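Step one of this worksheet: look at the structure below.
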Amino acid sequence: MVSRVPTGIPGLDELIGGGLVQKSTTIVEGGPGSGKSIFCMQFLVAGLLQGESCLFISFEETTEHVLQDLRDFPWDLQKSVDSGKLQVTYYTPEQVNQLLETGGGLIHDQLEGMNARRLVIDSLTAFSLLYPRELERRRALFSLFEAVRRWGCTSLMTLESDPEREERRALSTEFEADSVILLYNQKREHLRERSLEVLKMRGSAHTNRILPMKITSSGILVYPKESVF
Amino acid sequence: MEDFWQGQVAIVLLVLPREQYHERLRDVVSAVAARGEKVCYVTLNRSYAKVREEISAAGGAVGQFFFLDTATPFGSRAPEDCILVGDAHALTELGLAVTSAIEERGCSIALFDAVSTLQVYHPANVVLMFVHATITKLRGHGTKGLLIMVPEQRDSSLVKDVAMFSDRVMDFTVG
């Protein structure tokens with residue numbers, strides 16, 4: 001039987017067989033302001049609540065900025081950081097590239113040292129910008145995915161894209177990941193409505209419906225019984 | 001309507017003539033208020049404050065009403081007995097608000113004033129999908145629904161389509 005890791009997103013787990021497959025890699029994809037970072041941190045908070053250690057690697061923002069951006073949610077992240085259960089580490093994409101060339105040892109040591117079960121990498125977009133050529137980019141992303149799998153955590157990786165574009169094509173990263181979750185913030189006349197889609201989830205029967213989603217003061221909520229119009 | 005109040009008929013479509021819309025609506029609201037049940041009043045045309053005032057002026061117990069308001073601009077302060085949906089474009093949000101009114105506020109009747117208004121904001125097929133999903137939701141929760149429509153507001157074929165999903169149609173435009 002496959003072990004599942006609860007996402008911490010109310011309404012989502014019941015749609016994906018109880019949670020993410022343990023040690024799987026999931027891309028959380030969406031446009032700016034779609035809630036990717038919130039989704040990922042909420043996933044880590046669910047782990048912290050179960051006593052797990054968690055690592056958030058940011059390629060874009062410093063540790064202070066990451067914590068500052070999420071300060072309005074009732075998660076008391078600073079407390080978890082102070083206790084050592086949560087580490088928020090800023091690496092420049094160049095640093096990560098160097099790490100990968102040497103087998104990703106430093107991150108591996110960090111994960112092992114804290115016995116982390118959950119990992120977030122925010123974002124693949126920043127990482128891939130290091131490689132202007134498609135072939136190099138694919139190789140680098142492949143190396144990153146290989147390393148993440150080796151590290152053995154249940155991992156989320158954010159990816160900036162516009163899932164609403166009609167000509168949207170599958171990105172090579174989507175083939176590498178075990179699961180892909182799309183976050184929409186769709187424009188309807190003069191307002192926007194949020195929704196979520198599970199595009200792919202290896203090893204799990206999952207819903208094909210696009211579901212309403214909200215970002216509330218306590219985090220992201222998904223409404224499995226509701227419809228998007 | 002006795003079988004409606006008793007719950008044997010769950011969804012009633014009330015087709016009101018445009019020229020008597022306010023008078024007929026007042027009668028409907030008075031009848032609903034007299035039952036003493038918790039009512040989810042979905043106001044798509046007028047602000048919550050205006051509807052509330054009218055119910056109160058007619059001697060209705062406003063305390064038994066919970067309002068979903070798409071007419072008051074978003075950003076206004078939401079009162080305790082109302083969810084400001086903010087815009088009739090936001091059908092998804094309105095659907096979530098209906099669920100909240102039923103599940104969290106314990107409303108046993110939902111009154112939609114008026115379904116026809118949605119056609120100003122959405123194509124008929126989208127309105128129909130919303131109405132169908134809402135009726136399914138009401139039935140699933142054992143909540144009674146009163147859907148008010150004013151024909152010729154754009155396309156009366158919507159009335160026929162909504163009638164198909166309803167248990168009973170009361171058409172006040174004929175006879």
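Each chain in the structure tokens gets a letter, A, B and so on, in the order shown; residues start at 1 in every chain, and ligands are counted from 1 in the order they appear.
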Check every residue of chain A for an atom within 12 Å of chain B, counting only C-alpha atoms, and provide those that qualify as a PyMOL selection string. chain A and resi 186-195+210-214+221-229
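Residues with any atom within 12 Å of Gln6 in chain B, counting only C-alpha atoms and excluding same-chain neighbours fewer than 2 positions away, are Met1, Glu2, Asp3, Phe4, Gln8, Val9, Ala10, Arg35, Glu37, Ser108, Ile109, Gly142, Thr143 and Lys144 of chain B.
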With C-alpha atoms kept, could you save the residues just selected as a short mmCIF file (atom, residue, chain, number, x, y, z; two decimals), in the first residue's frame?
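Final output, saved to result-v1.cif:
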```
data_model
loop_
_atom_site.label_atom_id
_atom_site.label_comp_id
_atom_site.auth_asym_id
_atom_site.auth_seq_id
_atom_site.Cartn_x
_atom_site.Cartn_y
_atom_site.Cartn_z
CA MET B 1 -47.97 25.98 -1.74
CA GLU B 2 -48.69 23.85 1.32
CA ASP B 3 -46.81 20.89 -0.12
CA PHE B 4 -43.83 23.22 -0.65
CA GLN B 8 -42.93 17.55 -0.48
CA VAL B 9 -42.17 19.92 -3.35
CA ALA B 10 -38.62 21.18 -3.12
CA ARG B 35 -43.33 30.39 8.02
CA GLU B 37 -37.97 29.26 8.85
CA SER B 108 -33.90 25.81 5.07
CA ILE B 109 -35.30 27.96 2.26
CA GLY B 142 -32.96 19.08 1.79
CA THR B 143 -33.29 22.84 1.34
CA LYS B 144 -36.34 24.27 -0.37
#
```
Ser58 in chain A surroundings by only C-alpha atoms, 6 Å radius, close-in-sequence under 3 positions cut, as a compact mmCIF listing (two decimals) with N, CA and C atoms, in the first residue's frame:
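And here is the file that came out, result.txt:
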```txt
# COMPACT_ATOMS: atom_id res chain seq x y z
N GLU A 61 13.93 34.63 -3.03
CA GLU A 61 13.79 35.58 -1.93
C GLU A 61 14.64 35.15 -0.74
N TYR A 90 18.00 30.46 1.70
CA TYR A 90 18.08 31.14 0.40
C TYR A 90 19.37 30.73 -0.30
N ASP A 122 11.44 26.73 -4.27
CA ASP A 122 10.70 27.87 -4.79
C ASP A 122 11.69 28.83 -5.45
```
Rounded to one decimal place, report the CA of Pro74 in chain A-CA of Asp13 in chain A distance in Å.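 About the pair CA of Pro74 in chain A and CA of Asp13 in chain A: they are 20.9 Å apart.
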DSSP strand (DSSP E) residues within chain B, as a PyMOL selection string: chain B and resi 11-15+39-43+65-69+82-84+109-113+144-149+168-171
Write the residues of the selection above to a file with N, CA and C atoms, as an mmCIF file, in the first residue's frame.
```cif
data_model
loop_
_atom_site.group_PDB
_atom_site.id
_atom_site.type_symbol
_atom_site.label_atom_id
_atom_site.label_comp_id
_atom_site.auth_asym_id
_atom_site.auth_seq_id
_atom_site.Cartn_x
_atom_site.Cartn_y
_atom_site.Cartn_z
ATOM 1 N N ILE B 11 -38.457 22.443 -5.191
ATOM 2 C CA ILE B 11 -38.016 23.585 -5.995
ATOM 3 C C ILE B 11 -39.203 24.158 -6.771
ATOM 4 N N VAL B 12 -39.505 25.422 -6.493
ATOM 5 C CA VAL B 12 -40.622 26.074 -7.174
ATOM 6 C C VAL B 12 -40.095 27.263 -7.971
ATOM 7 N N LEU B 13 -40.469 27.298 -9.243
ATOM 8 C CA LEU B 13 -40.139 28.448 -10.086
ATOM 9 C C LEU B 13 -41.342 29.385 -10.127
ATOM 10 N N LEU B 14 -41.106 30.615 -9.725
ATOM 11 C CA LEU B 14 -42.169 31.623 -9.745
ATOM 12 C C LEU B 14 -41.891 32.591 -10.888
ATOM 13 N N VAL B 15 -42.765 32.589 -11.868
ATOM 14 C CA VAL B 15 -42.588 33.488 -13.007
ATOM 15 C C VAL B 15 -43.485 34.703 -12.792
ATOM 16 N N VAL B 39 -34.285 31.787 6.209
ATOM 17 C CA VAL B 39 -34.332 31.984 4.758
ATOM 18 C C VAL B 39 -33.018 32.584 4.247
ATOM 19 N N CYS B 40 -32.501 31.978 3.193
ATOM 20 C CA CYS B 40 -31.354 32.562 2.487
ATOM 21 C C CYS B 40 -31.923 33.391 1.343
ATOM 22 N N TYR B 41 -31.803 34.709 1.452
ATOM 23 C CA TYR B 41 -32.353 35.612 0.439
ATOM 24 C C TYR B 41 -31.197 36.054 -0.470
ATOM 25 N N VAL B 42 -31.224 35.564 -1.707
ATOM 26 C CA VAL B 42 -30.175 35.936 -2.662
ATOM 27 C C VAL B 42 -30.682 37.133 -3.457
ATOM 28 N N THR B 43 -30.095 38.292 -3.190
ATOM 29 C CA THR B 43 -30.554 39.484 -3.891
ATOM 30 C C THR B 43 -29.556 39.867 -4.988
ATOM 31 N N PHE B 65 -33.831 36.100 8.224
ATOM 32 C CA PHE B 65 -33.263 36.136 6.871
ATOM 33 C C PHE B 65 -31.739 36.223 6.931
ATOM 34 N N PHE B 66 -31.111 35.490 6.021
ATOM 35 C CA PHE B 66 -29.672 35.642 5.810
ATOM 36 C C PHE B 66 -29.500 36.024 4.341
ATOM 37 N N PHE B 67 -28.739 37.075 4.080
ATOM 38 C CA PHE B 67 -28.700 37.635 2.734
ATOM 39 C C PHE B 67 -27.390 37.313 2.010
ATOM 40 N N LEU B 68 -27.542 37.042 0.714
ATOM 41 C CA LEU B 68 -26.390 36.980 -0.186
ATOM 42 C C LEU B 68 -26.614 38.098 -1.198
ATOM 43 N N ASP B 69 -25.674 39.022 -1.247
ATOM 44 C CA ASP B 69 -25.896 40.260 -1.970
ATOM 45 C C ASP B 69 -24.843 40.434 -3.067
ATOM 46 N N CYS B 82 -25.206 38.859 6.409
ATOM 47 C CA CYS B 82 -25.094 38.978 4.953
ATOM 48 C C CYS B 82 -23.701 38.592 4.468
ATOM 49 N N ILE B 83 -23.648 37.962 3.312
ATOM 50 C CA ILE B 83 -22.370 37.781 2.611
ATOM 51 C C ILE B 83 -22.415 38.679 1.377
ATOM 52 N N LEU B 84 -21.462 39.586 1.290
ATOM 53 C CA LEU B 84 -21.380 40.442 0.113
ATOM 54 C C LEU B 84 -20.568 39.721 -0.949
ATOM 55 N N ILE B 109 -34.684 27.489 3.505
ATOM 56 C CA ILE B 109 -35.300 27.964 2.260
ATOM 57 C C ILE B 109 -34.312 28.918 1.586
ATOM 58 N N ALA B 110 -34.175 28.781 0.270
ATOM 59 C CA ALA B 110 -33.355 29.732 -0.484
ATOM 60 C C ALA B 110 -34.248 30.431 -1.496
ATOM 61 N N LEU B 111 -34.211 31.756 -1.457
ATOM 62 C CA LEU B 111 -35.044 32.561 -2.357
ATOM 63 C C LEU B 111 -34.126 33.345 -3.293
ATOM 64 N N PHE B 112 -34.277 33.127 -4.594
ATOM 65 C CA PHE B 112 -33.417 33.793 -5.579
ATOM 66 C C PHE B 112 -34.195 34.909 -6.275
ATOM 67 N N ASP B 113 -33.793 36.137 -6.000
ATOM 68 C CA ASP B 113 -34.480 37.325 -6.522
ATOM 69 C C ASP B 113 -33.493 38.150 -7.350
ATOM 70 N N LYS B 144 -35.325 23.901 0.617
ATOM 71 C CA LYS B 144 -36.337 24.272 -0.365
ATOM 72 C C LYS B 144 -35.853 25.498 -1.161
ATOM 73 N N GLY B 145 -36.234 25.555 -2.433
ATOM 74 C CA GLY B 145 -35.798 26.666 -3.274
ATOM 75 C C GLY B 145 -36.949 27.371 -3.951
ATOM 76 N N LEU B 146 -36.921 28.701 -3.888
ATOM 77 C CA LEU B 146 -37.892 29.520 -4.628
ATOM 78 C C LEU B 146 -37.097 30.336 -5.637
ATOM 79 N N LEU B 147 -37.296 30.036 -6.903
ATOM 80 C CA LEU B 147 -36.561 30.733 -7.946
ATOM 81 C C LEU B 147 -37.500 31.729 -8.628
ATOM 82 N N ILE B 148 -37.143 32.986 -8.576
ATOM 83 C CA ILE B 148 -37.992 34.000 -9.203
ATOM 84 C C ILE B 148 -37.404 34.381 -10.551
ATOM 85 N N MET B 149 -38.269 34.403 -11.546
ATOM 86 C CA MET B 149 -37.835 34.838 -12.871
ATOM 87 C C MET B 149 -38.843 35.824 -13.440
ATOM 88 N N ARG B 168 -42.111 22.502 -9.595
ATOM 89 C CA ARG B 168 -43.388 23.155 -9.877
ATOM 90 C C ARG B 168 -43.118 24.540 -10.458
ATOM 91 N N VAL B 169 -43.968 24.925 -11.401
ATOM 92 C CA VAL B 169 -43.865 26.270 -11.974
ATOM 93 C C VAL B 169 -45.155 27.012 -11.667
ATOM 94 N N MET B 170 -45.032 28.179 -11.086
ATOM 95 C CA MET B 170 -46.205 29.031 -10.853
ATOM 96 C C MET B 170 -46.022 30.271 -11.714
ATOM 97 N N ASP B 171 -46.798 30.322 -12.771
ATOM 98 C CA ASP B 171 -46.629 31.389 -13.756
ATOM 99 C C ASP B 171 -47.707 32.447 -13.549
#
```
What lies within 10 Å of Val66 in chain A using only C-alpha atoms, ignoring chain neighbours under 4 positions off, as a ChimeraX atom specification? /A:37,41,56-58,60-62,70-71,88-90
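CA of Asp82 in chain A lies 27.2 Å from CA of Thr25 in chain A.
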Nearby residues (only C-alpha atoms) at most 7 Å from range 97-110 of chain A, same-chain spacing under 4 positions excluded, as a list in words: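 Contacts, with the query itself left out: Pro93, Met114, Ser143, Leu144, Ala147 and Trp151 of chain A.
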May I have the selected residues written with C-alpha atoms, as a PDB file, in the first residue's frame?
```
ATOM      1  CA  PRO A  93      20.362  29.678  -8.555  1.00  0.00           C
ATOM      2  CA  MET A 114      17.520  17.881  10.294  1.00  0.00           C
ATOM      3  CA  SER A 143      19.771  16.828 -12.623  1.00  0.00           C
ATOM      4  CA  LEU A 144      17.747  18.776 -10.097  1.00  0.00           C
ATOM      5  CA  ALA A 147      18.868  15.009  -6.822  1.00  0.00           C
ATOM      6  CA  TRP A 151      17.107  13.152  -1.153  1.00  0.00           C
TER       7      TRP A 151
END
```
